[in-house]
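Visitor: Enclosed is the structure file model_28.txt (compact mmCIF, C-alpha atoms and all ligand atoms).
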# COMPACT_ATOMS: atom_id res chain seq x y z
CA MET A 1 -6.27 -10.18 19.84
CA ARG A 2 -2.89 -10.16 21.62
CA GLY A 3 -1.84 -13.16 19.58
CA ARG A 4 -2.76 -11.47 16.30
CA ALA A 5 -1.01 -8.26 17.38
CA ALA A 6 2.10 -10.19 18.37
CA GLU A 7 2.09 -12.02 15.03
CA ALA A 8 1.74 -8.73 13.13
CA ILE A 9 4.67 -7.25 15.05
CA ALA A 10 6.75 -10.40 14.56
CA ALA A 11 6.01 -10.29 10.82
CA ILE A 12 6.98 -6.60 10.62
CA ALA A 13 10.17 -7.32 12.60
CA GLU A 14 10.99 -10.25 10.31
CA GLU A 15 10.54 -8.16 7.17
CA LEU A 16 12.57 -5.22 8.50
CA GLY A 17 15.19 -7.64 9.82
CA ALA A 18 15.48 -9.28 6.39
CA ARG A 19 15.94 -5.87 4.77
CA ALA A 20 18.48 -4.82 7.43
CA THR A 21 21.21 -6.79 5.69
CA GLY A 22 21.52 -3.95 3.22
CA ASP A 23 20.45 -1.14 5.53
CA ALA A 24 21.89 -1.11 9.03
CA ALA A 25 19.39 1.59 10.10
CA LEU A 26 16.66 -1.04 10.06
CA ALA A 27 18.27 -3.30 12.62
CA SER A 28 17.19 -1.17 15.58
CA PHE A 29 13.59 -1.33 14.40
CA SER A 30 13.46 -5.09 14.25
CA ASP A 31 15.00 -5.25 17.75
CA LEU A 32 12.43 -2.82 19.09
CA LEU A 33 9.61 -4.92 17.77
CA SER A 34 10.84 -8.32 18.80
CA GLN A 35 8.39 -8.83 21.69
CA GLY A 36 5.47 -6.90 23.08
CA THR A 37 6.64 -6.48 26.64
CA GLY A 38 6.79 -2.71 27.15
CA ALA A 39 4.55 -0.49 29.25
CA ARG A 40 1.20 0.67 27.98
CA ASN A 41 -1.04 3.63 28.80
CA ALA A 42 -4.82 3.74 28.90
CA PRO A 43 -6.44 3.03 25.51
CA LEU A 44 -6.98 6.04 23.29
CA PRO A 45 -10.34 7.32 22.14
CA GLU A 46 -11.07 6.19 18.62
CA ALA A 47 -11.92 8.43 15.68
CA PRO A 48 -15.71 8.73 15.34
CA PRO A 49 -17.49 6.25 13.05
CA ASP A 50 -18.14 9.02 10.52
CA HIS A 51 -14.55 10.26 10.36
CA PRO A 52 -14.02 10.95 6.63
CA ALA A 53 -10.84 8.89 6.30
CA ARG A 54 -12.57 5.73 7.56
CA ALA A 55 -14.18 5.30 4.13
CA HIS A 56 -10.72 4.43 2.74
CA LEU A 57 -9.90 1.69 5.22
CA ARG A 58 -11.90 -1.12 3.64
CA PRO A 59 -10.67 -0.55 0.05
CA ALA A 60 -7.07 -0.30 1.26
CA PHE A 61 -7.25 -3.47 3.36
CA ALA A 62 -9.00 -5.31 0.52
CA ALA A 63 -6.03 -4.72 -1.76
CA LEU A 64 -2.92 -5.08 0.37
CA SER A 65 0.17 -6.06 -1.55
CA GLY A 66 3.90 -6.52 -1.18
CA PRO A 67 6.65 -9.08 -1.35
CA ALA A 68 6.25 -10.49 2.19
CA PRO A 69 3.27 -12.90 2.34
CA ARG A 70 3.51 -13.48 6.10
CA LEU A 71 3.39 -9.74 6.69
CA ILE A 72 0.39 -9.19 4.43
CA ALA A 73 -1.50 -12.10 6.02
CA ALA A 74 -0.77 -10.77 9.51
CA ILE A 75 -1.99 -7.27 8.60
CA GLU A 76 -5.18 -8.71 7.08
CA ALA A 77 -5.73 -10.78 10.22
CA ILE A 78 -5.44 -7.86 12.60
CA ALA A 79 -7.64 -5.44 10.65
CA GLY A 80 -10.68 -6.01 12.87
CA ASP A 81 -8.75 -5.40 16.11
CA LEU A 82 -7.31 -2.01 15.21
CA ARG A 83 -8.35 1.16 17.02
CA TRP A 84 -8.07 4.03 14.56
CA ARG A 85 -7.53 7.54 15.88
CA GLN A 86 -7.20 10.93 14.26
CA VAL A 87 -3.54 11.90 14.12
CA PHE A 88 -3.85 15.69 14.42
CA ASP A 89 -6.36 17.58 16.47
CA GLY A 90 -8.58 19.63 14.15
CA THR A 91 -7.64 22.95 15.78
CA GLY A 92 -5.02 24.71 13.68
CA ALA A 93 -4.19 21.81 11.39
CA PRO A 94 -4.92 21.99 7.66
CA PRO A 95 -8.30 20.28 7.20
CA THR A 96 -6.92 17.63 4.86
CA VAL A 97 -4.35 16.69 7.50
CA ALA A 98 -6.90 16.53 10.30
CA GLU A 99 -9.51 14.70 8.26
CA GLY A 100 -7.32 12.70 5.92
CA MET A 101 -5.10 10.72 8.28
CA LEU A 102 -5.75 7.92 10.77
CA ALA A 103 -3.28 5.89 12.80
CA ALA A 104 -3.68 2.61 14.67
CA GLN A 105 -0.85 1.62 16.97
CA ILE A 106 -0.17 -2.10 17.26
CA ALA A 107 2.81 -2.06 19.64
CA GLY A 108 3.78 0.80 21.93
CA PRO A 109 2.45 2.97 24.74
CA VAL A 110 -1.01 3.19 23.20
CA GLY A 111 -0.85 -0.03 21.21
CA LEU A 112 -2.67 -3.32 21.43
CA ILE A 113 0.51 -4.70 23.01
CA GLY A 114 3.63 -3.02 24.40
CA ALA A 115 6.89 -2.55 22.55
CA ASN A 116 10.41 -3.21 23.68
CA GLY A 117 12.19 0.00 24.58
CA ASP A 118 11.34 3.51 23.48
CA GLY A 119 9.34 3.10 20.31
CA CYS A 120 6.12 2.09 18.67
CA ALA A 121 4.72 0.61 15.47
CA GLY A 122 1.38 0.39 13.77
CA LEU A 123 -0.56 1.34 10.68
CA PHE A 124 -1.06 4.75 9.13
CA LEU A 125 -3.79 5.48 6.61
CA ILE A 126 -3.64 8.57 4.41
CA ALA A 127 -6.66 9.47 2.30
CA PRO A 128 -6.31 10.47 -1.37
CA GLY A 129 -5.23 14.03 -2.11
CA VAL A 130 -3.56 14.74 1.24
CA HIS A 131 -0.37 16.75 1.68
CA TYR A 132 1.23 16.31 5.08
CA PRO A 133 3.58 19.32 5.05
CA PHE A 134 7.25 19.38 5.95
CA HIS A 135 7.81 18.35 9.52
CA THR A 136 10.53 17.11 11.85
CA HIS A 137 10.66 14.99 14.99
CA GLU A 138 13.41 13.66 17.15
CA ALA A 139 12.36 10.02 16.79
CA THR A 140 13.69 7.98 13.90
CA GLU A 141 10.94 6.67 11.64
CA ILE A 142 10.23 3.95 9.11
CA TYR A 143 7.32 3.99 6.67
CA TYR A 144 6.73 0.71 4.83
CA CYS A 145 4.06 0.75 2.15
CA VAL A 146 1.43 -2.00 1.95
CA HIS A 147 -1.10 -0.23 -0.29
CA GLY A 148 -1.11 2.68 -2.74
CA ARG A 149 1.56 5.11 -3.83
CA LEU A 150 3.08 7.75 -1.58
CA LEU A 151 5.35 10.63 -2.55
CA LEU A 152 7.82 10.98 0.30
CA GLN A 153 10.18 13.95 0.24
CA TYR A 154 13.28 14.25 2.40
CA GLY A 155 14.76 17.75 2.53
CA THR A 156 13.14 20.85 1.12
CA GLN A 157 15.07 20.79 -2.16
CA SER A 158 15.01 17.17 -3.25
CA LYS A 159 12.75 15.22 -5.58
CA PRO A 160 10.19 13.07 -3.73
CA MET A 161 10.74 9.32 -3.66
CA GLU A 162 7.85 7.02 -4.51
CA LEU A 163 6.78 4.45 -1.97
CA THR A 164 4.76 1.60 -3.41
CA PRO A 165 4.04 -1.75 -1.73
CA GLY A 166 7.18 -3.37 -0.37
CA LEU A 167 9.22 -0.14 -0.43
CA TYR A 168 10.13 1.79 2.68
CA GLY A 169 11.51 5.16 3.71
CA HIS A 170 13.81 5.74 6.66
CA THR A 171 13.61 9.17 8.30
CA PRO A 172 16.67 10.03 10.41
CA SER A 173 16.18 12.02 13.61
CA ASN A 174 15.17 15.66 12.92
CA ARG A 175 15.21 15.25 9.10
CA VAL A 176 12.56 17.39 7.42
CA HIS A 177 10.08 15.38 5.35
CA SER A 178 6.66 15.62 3.71
CA LEU A 179 4.11 13.05 2.53
CA THR A 180 1.75 13.43 -0.41
CA THR A 181 -0.94 11.11 -1.73
CA GLU A 182 -2.58 11.24 -5.14
CA ALA A 183 -5.79 9.56 -6.36
CA GLU A 184 -5.53 6.45 -4.15
CA PRO A 185 -5.45 6.04 -0.38
CA VAL A 186 -2.12 4.90 1.04
CA LEU A 187 -1.67 2.42 3.85
CA LEU A 188 1.71 2.36 5.59
CA ILE A 189 3.28 0.45 8.40
CA TYR A 190 5.02 2.98 10.63
CA ALA A 191 7.66 2.38 13.27
CA TRP A 192 9.33 4.94 15.52
CA THR A 193 12.36 4.53 17.75
CA GLY A 194 13.60 7.18 20.10
CA PRO A 195 11.77 9.60 22.35
CA LEU A 196 8.02 9.56 21.73
CA ASP A 197 7.21 12.47 24.05
CA ARG A 198 8.95 15.22 22.04
CA PRO A 199 7.20 17.66 19.70
CA ASN A 200 6.38 17.11 16.07
CA TRP A 201 7.40 20.38 14.37
CA ILE A 202 5.35 21.37 11.34
CA TRP A 203 7.07 23.78 9.02
CA ASP A 204 5.76 26.72 7.03
CA THR A 205 7.63 28.79 4.45
CA ASP A 206 7.52 32.46 3.56
CA GLY A 207 8.21 31.45 -0.06
CA GLN A 208 11.63 33.14 -0.03
CA GLY A 209 13.70 30.52 1.70
CA GLY A 210 12.64 31.46 5.23
CA TRP A 211 10.89 28.93 7.46
CA THR A 212 8.98 28.92 10.69
CA ARG A 213 8.00 25.82 12.63
CA ALA A 214 5.04 25.15 14.90
CA ASN A 215 5.38 22.90 17.91
CA TRP A 216 2.74 20.17 17.98
CA SER A 217 2.85 18.22 21.23
CA ARG A 218 1.22 14.92 22.03
CA ARG A 219 -1.78 15.07 24.33
CA ASP A 220 -2.59 12.30 26.76
CA ASP A 221 -5.05 10.92 24.24
CA GLY A 222 -2.21 10.57 21.72
CA SER A 223 -3.27 13.28 19.28
CA TRP A 224 -1.00 16.17 18.36
CA VAL A 225 -2.08 19.67 19.45
CA LYS A 226 -0.55 22.91 18.17
CA GLN A 227 1.54 25.01 20.55
CA ALA A 228 3.89 27.94 19.80
CA GLU A 229 5.62 28.86 16.53
CA GLU A 230 9.25 29.90 16.15
CA PRO A 231 11.70 30.68 13.33
CA VAL A 232 13.77 27.84 11.88
CA THR A 233 17.37 28.93 12.47
CA ALA A 234 20.15 28.28 9.97
CA ALA A 235 21.54 25.55 12.24
CA LEU A 236 18.17 23.79 12.51
CA LEU A 237 17.68 24.03 8.76
CA ALA A 238 21.09 22.52 8.04
CA GLU A 239 20.40 19.58 10.36
CA ALA A 240 16.93 19.09 8.92
CA GLU A 241 18.25 19.03 5.37
CA GLY A 242 20.83 16.41 6.34
CA ASN A 243 23.74 18.74 5.54
FE FE B 301 7.44 11.75 10.27
Take the structure from the file and write it as structure tokens.

Guide:
Amino acid sequence: MRGRAAEAIAAIAEELGARATGDAALASFSDLLSQGTGARNAPLPEAPPDHPARAHLRPAFAALSGPAPRLIAAIEAIAGDLRWRQVFDGTGAPPTVAEGMLAAQIAGPVGLIGANGDGCAGLFLIAPGVHYPFHTHEATEIYYCVHGRLLLQYGTQSKPMELTPGLYGHTPSNRVHSLTTEAEPVLLIYAWTGPLDRPNWIWDTDGQGGWTRANWSRRDDGSWVKQAEEPVTAALLAEAEGN
């Protein structure tokens, strides 16, 4: 298992490293992933066998695609080793978000192997018809699509970009973003660099340009649990929009 995990991480690092020639932001991700030597915590509890999103795993893995054959082969090879967990605790999260998303860390504190430095990487499955609302986090993030079609929106005013296999999105620190799936499930590789122990802020609008944000903090089992809400100040909004 460790060998397959290490190969998957090496293949992800190779692909991101190859892309980094035209996108310097990717270089730090390939460095992070270069070897699985970092510290690890106790394994996380897995999502129950009847978790609704599990039904989409097999079809997604059966139809992986993209321009990097080594990467696709490595993801296929590791499918049976992955430990899928629910991303958001069901309390207070929109049901589609709680029931429609699963993550399996390959490298990082709760991964199959450790990661170098302060970061993690793995796979993220989103069921059809899910809207993961605007949110921000301090860590920098990459999503790289290996199955399906994702609408990924950066900033509250912009047009979503489409992620299809072989395309990626780079989320700068504290940039507001949302993810939407349509009729197909979407399978992404995710990678985070930066602090992993900070909140994930989920935003809500009053429909008139005002925003609040709810602090979701990571529990020891790795899931996000809702804490307090607060207004989004003008300064926070400007940073989140990338202005
Ligand atoms: Fe994110």

Visitor: What is the atom CA of A:Arg40 to atom CA of A:Cys145 distance in Å?

Guide: 26.0 Å

Visitor: Neighbours of ligand FE 301 (chain B) at 7 Å or closer, counting all atoms listed in the file: which residues, as a PyMOL selection string?

Guide: chain A and resi 135-137+141+171+177

Visitor: Please report the interatomic distance between atom CA of A:Pro231 and atom CA of A:Gly209 in Å with one decimal.

Guide: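 Going from atom CA of A:Pro231 over to atom CA of A:Gly209 covers 11.8 Å.
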
Visitor: Could you jot down the atom CA of A:Leu152 to atom CA of A:Pro45 separation for me, Å, one decimal place?

Guide: 28.6 Å

Visitor: Sorted by chain and rising residue number, which residues of stretch 68-149 of chain A lie within 12 Å of stretch 199-207 of chain A, and what are their closest atom pairs and distances in Å to one decimal, counting all atoms listed in the file, as JSON lines?

Guide:
{"residue": "A:Val87", "atom": "CA", "partner": "A:Asn200", "partner_atom": "CA", "distance": 11.4}
{"residue": "A:Phe88", "atom": "CA", "partner": "A:Asn200", "partner_atom": "CA", "distance": 10.5}
{"residue": "A:Gly92", "atom": "CA", "partner": "A:Ile202", "partner_atom": "CA", "distance": 11.1}
{"residue": "A:Ala93", "atom": "CA", "partner": "A:Ile202", "partner_atom": "CA", "distance": 9.6}
{"residue": "A:Pro94", "atom": "CA", "partner": "A:Ile202", "partner_atom": "CA", "distance": 10.9}
{"residue": "A:Val97", "atom": "CA", "partner": "A:Ile202", "partner_atom": "CA", "distance": 11.4}
{"residue": "A:Tyr132", "atom": "CA", "partner": "A:Ile202", "partner_atom": "CA", "distance": 9.0}
{"residue": "A:Pro133", "atom": "CA", "partner": "A:Ile202", "partner_atom": "CA", "distance": 6.8}
{"residue": "A:Phe134", "atom": "CA", "partner": "A:Trp203", "partner_atom": "CA", "distance": 5.4}
{"residue": "A:His135", "atom": "CA", "partner": "A:Ile202", "partner_atom": "CA", "distance": 4.3}
{"residue": "A:Thr136", "atom": "CA", "partner": "A:Trp201", "partner_atom": "CA", "distance": 5.2}
{"residue": "A:His137", "atom": "CA", "partner": "A:Asn200", "partner_atom": "CA", "distance": 4.9}
{"residue": "A:Glu138", "atom": "CA", "partner": "A:Pro199", "partner_atom": "CA", "distance": 7.8}
{"residue": "A:Ala139", "atom": "CA", "partner": "A:Asn200", "partner_atom": "CA", "distance": 9.3}
{"residue": "A:Thr140", "atom": "CA", "partner": "A:Asn200", "partner_atom": "CA", "distance": 11.9}

Visitor: So, counting only C-alpha atoms, which residue among A:Gly119, A:Pro165, A:Pro95, A:Pro67 is closest to A:Trp192?

Guide: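 Smallest separation from A:Trp192 among the options: A:Gly119.
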
Visitor: Kindly provide, as AutoDock Vina command-line options, the centre and edge lengths (Å, one decimal) of an axis-aligned box around all atoms of stretch 9-28 of chain A given in the file, with 6 Å on each side.

Guide:
--center_x 13.3 --center_y -4.4 --center_z 9.4 --size_x 29.2 --size_y 24.0 --size_z 24.4

Visitor: Which residue, A:Pro109, A:Arg149, A:Ala13, A:Arg4, has the smallest gap to A:Leu82 when you use all atoms listed in the file?

Guide: A:Arg4

Visitor: Quick one: everything within 9 Å of A:Thr156, counting all atoms listed in the file, minus sequence neighbours fewer than 3 positions away in the same chain. Send it as a compact mmCIF listing (two decimals) with C-alpha atoms, in the frame of the given file.

Guide:
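Below is the file that was written, out11.txt:
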# COMPACT_ATOMS: atom_id res chain seq x y z
CA PHE A 134 7.25 19.38 5.95
CA GLN A 153 10.18 13.95 0.24
CA LYS A 159 12.75 15.22 -5.58
CA VAL A 176 12.56 17.39 7.42
CA HIS A 177 10.08 15.38 5.35
CA SER A 178 6.66 15.62 3.71
CA ALA A 240 16.93 19.09 8.92
CA GLU A 241 18.25 19.03 5.37

Visitor: Rank nothing, just name the residue among A:Ile142, A:Ile12, A:Met1, A:Val110 nearest to A:Gly80, using all atoms listed in the file.

Guide: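 So, comparing all the options, the nearest one is A:Met1.
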
Visitor: Kindly indicate which residue among A:Ala55, A:Ala5, A:Ala73, A:Leu188 lies nearest to A:Phe124, using only C-alpha atoms for the distances.

Guide: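 Once distances to A:Phe124 are computed over only C-alpha atoms, the minimum belongs to A:Leu188.
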
Visitor: Using all atoms listed in the file, pick whichever of A:Ala47, A:Ala127, A:Ala39, A:Val146 has the shortest atom-to-atom distance to A:Ser65.

Guide: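 Checking each candidate against A:Ser65, we get A:Val146 as the closest.
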
Visitor: Would you kindly identify which residues have an atom no farther than 9 Å from (8.9, -2.7, 23.6), using only C-alpha atoms and the file's own coordinates, and write them out as a list in words?

Guide: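 Residues close enough to count: Asp31, Leu32, Leu33, Ser34, Gln35, Gly36, Thr37, Gly38, Ala39, Ala107, Gly108, Pro109, Ile113, Gly114, Ala115, Asn116, Gly117, Asp118, Gly119 and Cys120 of chain A.
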
Visitor: Here is a test: counting all atoms listed in the file, which residue of A:Arg218, A:Arg70, A:Lys226, A:Arg19 is nearest to A:Leu196?

Guide: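 Going through A:Arg218, A:Arg70, A:Lys226, A:Arg19 one by one, the smallest distance to A:Leu196 is for A:Arg218.
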
Visitor: Can you tell me, as a PyMOL selection string, what residues are no more than 8 Å from A:Arg85 when counting all atoms listed in the file, ignoring any on the same chain fewer than 5 positions away?

Guide: chain A and resi 44-47+102-104+223

Visitor: Excluding A:Pro48 and residues on its chain fewer than 4 positions from it, collect all residues at most 10 Å away from it, counting all atoms listed in the file, and give them as a list in words.

Guide: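 Returned residues: Pro52, Arg54, Trp84, Arg85 and Gln86 of chain A.
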